[in-house]
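Here the structure is laid out as structure tokens; the discussion comes afterwards.
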Amino acid sequence: TDEGPGLRTELWQAVVVAVAVAVVGLLLGVLWAWLAPKVPLISDGKAVFLKNSEGEEAVGADGTFMLLALAFGVVTAAAVFLFRRSGGIALVLALAVGGLLGSVLAWRVGLLLGPDDDVIA
């Protein structure tokens with residue numbers, strides 16, 4: 001009988017997949033900071049306002065993140081499927097956990113590479 005890889009091997013592969021997908025989130029964050037439209041802001045010294053209240057840059061930045069994350073998710077899921085066709089629920093969970101961690105990393109990296117926090121200055 002073919003029992004497939006052992007539980008320890010499957011768990012190890014799941015950890016590797018989760019870490020790899022999370023690390024890919026760093027690339028996602030860099031691409032997001034590079035490709036997303038910049039939101040023009042102005043300040044009166046006390047508060048910060050959108051330069052153009054009807055501009056679409058803020059929505060465009062969020063949409064860029066969403067589309068990039070979707071593309072990265074499809075590519076990573078396809079890569080795991082092609083390399084580990086016999087994977088079980090552990091690999092599916094690893095993709096989900098890695099995707100969640102990767103998106104948080106991407107968000108933080110994108111914010112780090114984006115404009116300064118002190119917009120009024």
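Every chain in the structure tokens takes a letter, A first, then B, and so on in the order presented; its residues are numbered from 1, and the ligands are numbered from 1 following the presented order.
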Distance table requested - range 16-53 of chain A against range 68-77 of chain A, cut-off 8 Å, only C-alpha atoms: one row per qualifying residue with the closest atom pair and its distance in Å to one decimal, ordered by chain and rising residue number, as CSV.
residue,atom,partner,partner_atom,distance
A:Val21,CA,A:Thr76,CA,6.9
A:Leu28,CA,A:Leu68,CA,6.9
A:Trp32,CA,A:Leu68,CA,7.3
Problem - Residue neighbourhood range 98-108 of chain A, 9 Å, only C-alpha atoms, exclusion window fewer than 4 positions, as a count of residues only - result: 26
Exercise for the section: Check range 4-116 of chain A with DSSP on the backbone and list each residue it calls strand (DSSP E or B), as a PyMOL selection string. Expected result: chain A and resi 41-43+48-50
Write out, as a PDB file, in the first residue's frame, the residues just selected, with N, CA and C atoms.
ATOM      1  N   LEU A  41      -1.543  64.827  -0.394  1.00  0.00           N
ATOM      2  CA  LEU A  41      -2.117  65.371   0.833  1.00  0.00           C
ATOM      3  C   LEU A  41      -1.637  66.802   1.027  1.00  0.00           C
ATOM      4  N   ILE A  42      -2.431  67.587   1.738  1.00  0.00           N
ATOM      5  CA  ILE A  42      -2.032  68.938   2.125  1.00  0.00           C
ATOM      6  C   ILE A  42      -2.317  69.103   3.611  1.00  0.00           C
ATOM      7  N   SER A  43      -1.666  70.082   4.207  1.00  0.00           N
ATOM      8  CA  SER A  43      -1.847  70.321   5.633  1.00  0.00           C
ATOM      9  C   SER A  43      -2.009  71.811   5.885  1.00  0.00           C
ATOM     10  N   VAL A  48      -4.467  67.137   8.348  1.00  0.00           N
ATOM     11  CA  VAL A  48      -4.062  66.722   7.015  1.00  0.00           C
ATOM     12  C   VAL A  48      -5.315  66.413   6.211  1.00  0.00           C
ATOM     13  N   PHE A  49      -5.331  66.886   4.977  1.00  0.00           N
ATOM     14  CA  PHE A  49      -6.481  66.690   4.100  1.00  0.00           C
ATOM     15  C   PHE A  49      -6.019  66.128   2.762  1.00  0.00           C
ATOM     16  N   LEU A  50      -6.944  65.490   2.072  1.00  0.00           N
ATOM     17  CA  LEU A  50      -6.669  65.081   0.705  1.00  0.00           C
ATOM     18  C   LEU A  50      -6.562  66.326  -0.162  1.00  0.00           C
TER      19      LEU A  50
END
Problem - Nearest candidate to Leu91 in chain A (options A:Ala79, A:Ala33, A:Val109, A:Ala61; using only C-alpha atoms) - result: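 Closest to Leu91 in chain A of all the choices is A:Ala79.
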Exercise for the section: For each of A:Phe81, A:Gly6, A:Trp12, A:Ala36, take the minimum atom-to-atom distance to Ala58 in chain A, counting only C-alpha atoms, then give the residue where this is smallest. Expected result: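 Of A:Phe81, A:Gly6, A:Trp12, A:Ala36, the one nearest Ala58 in chain A, counting only C-alpha atoms, is A:Ala36.
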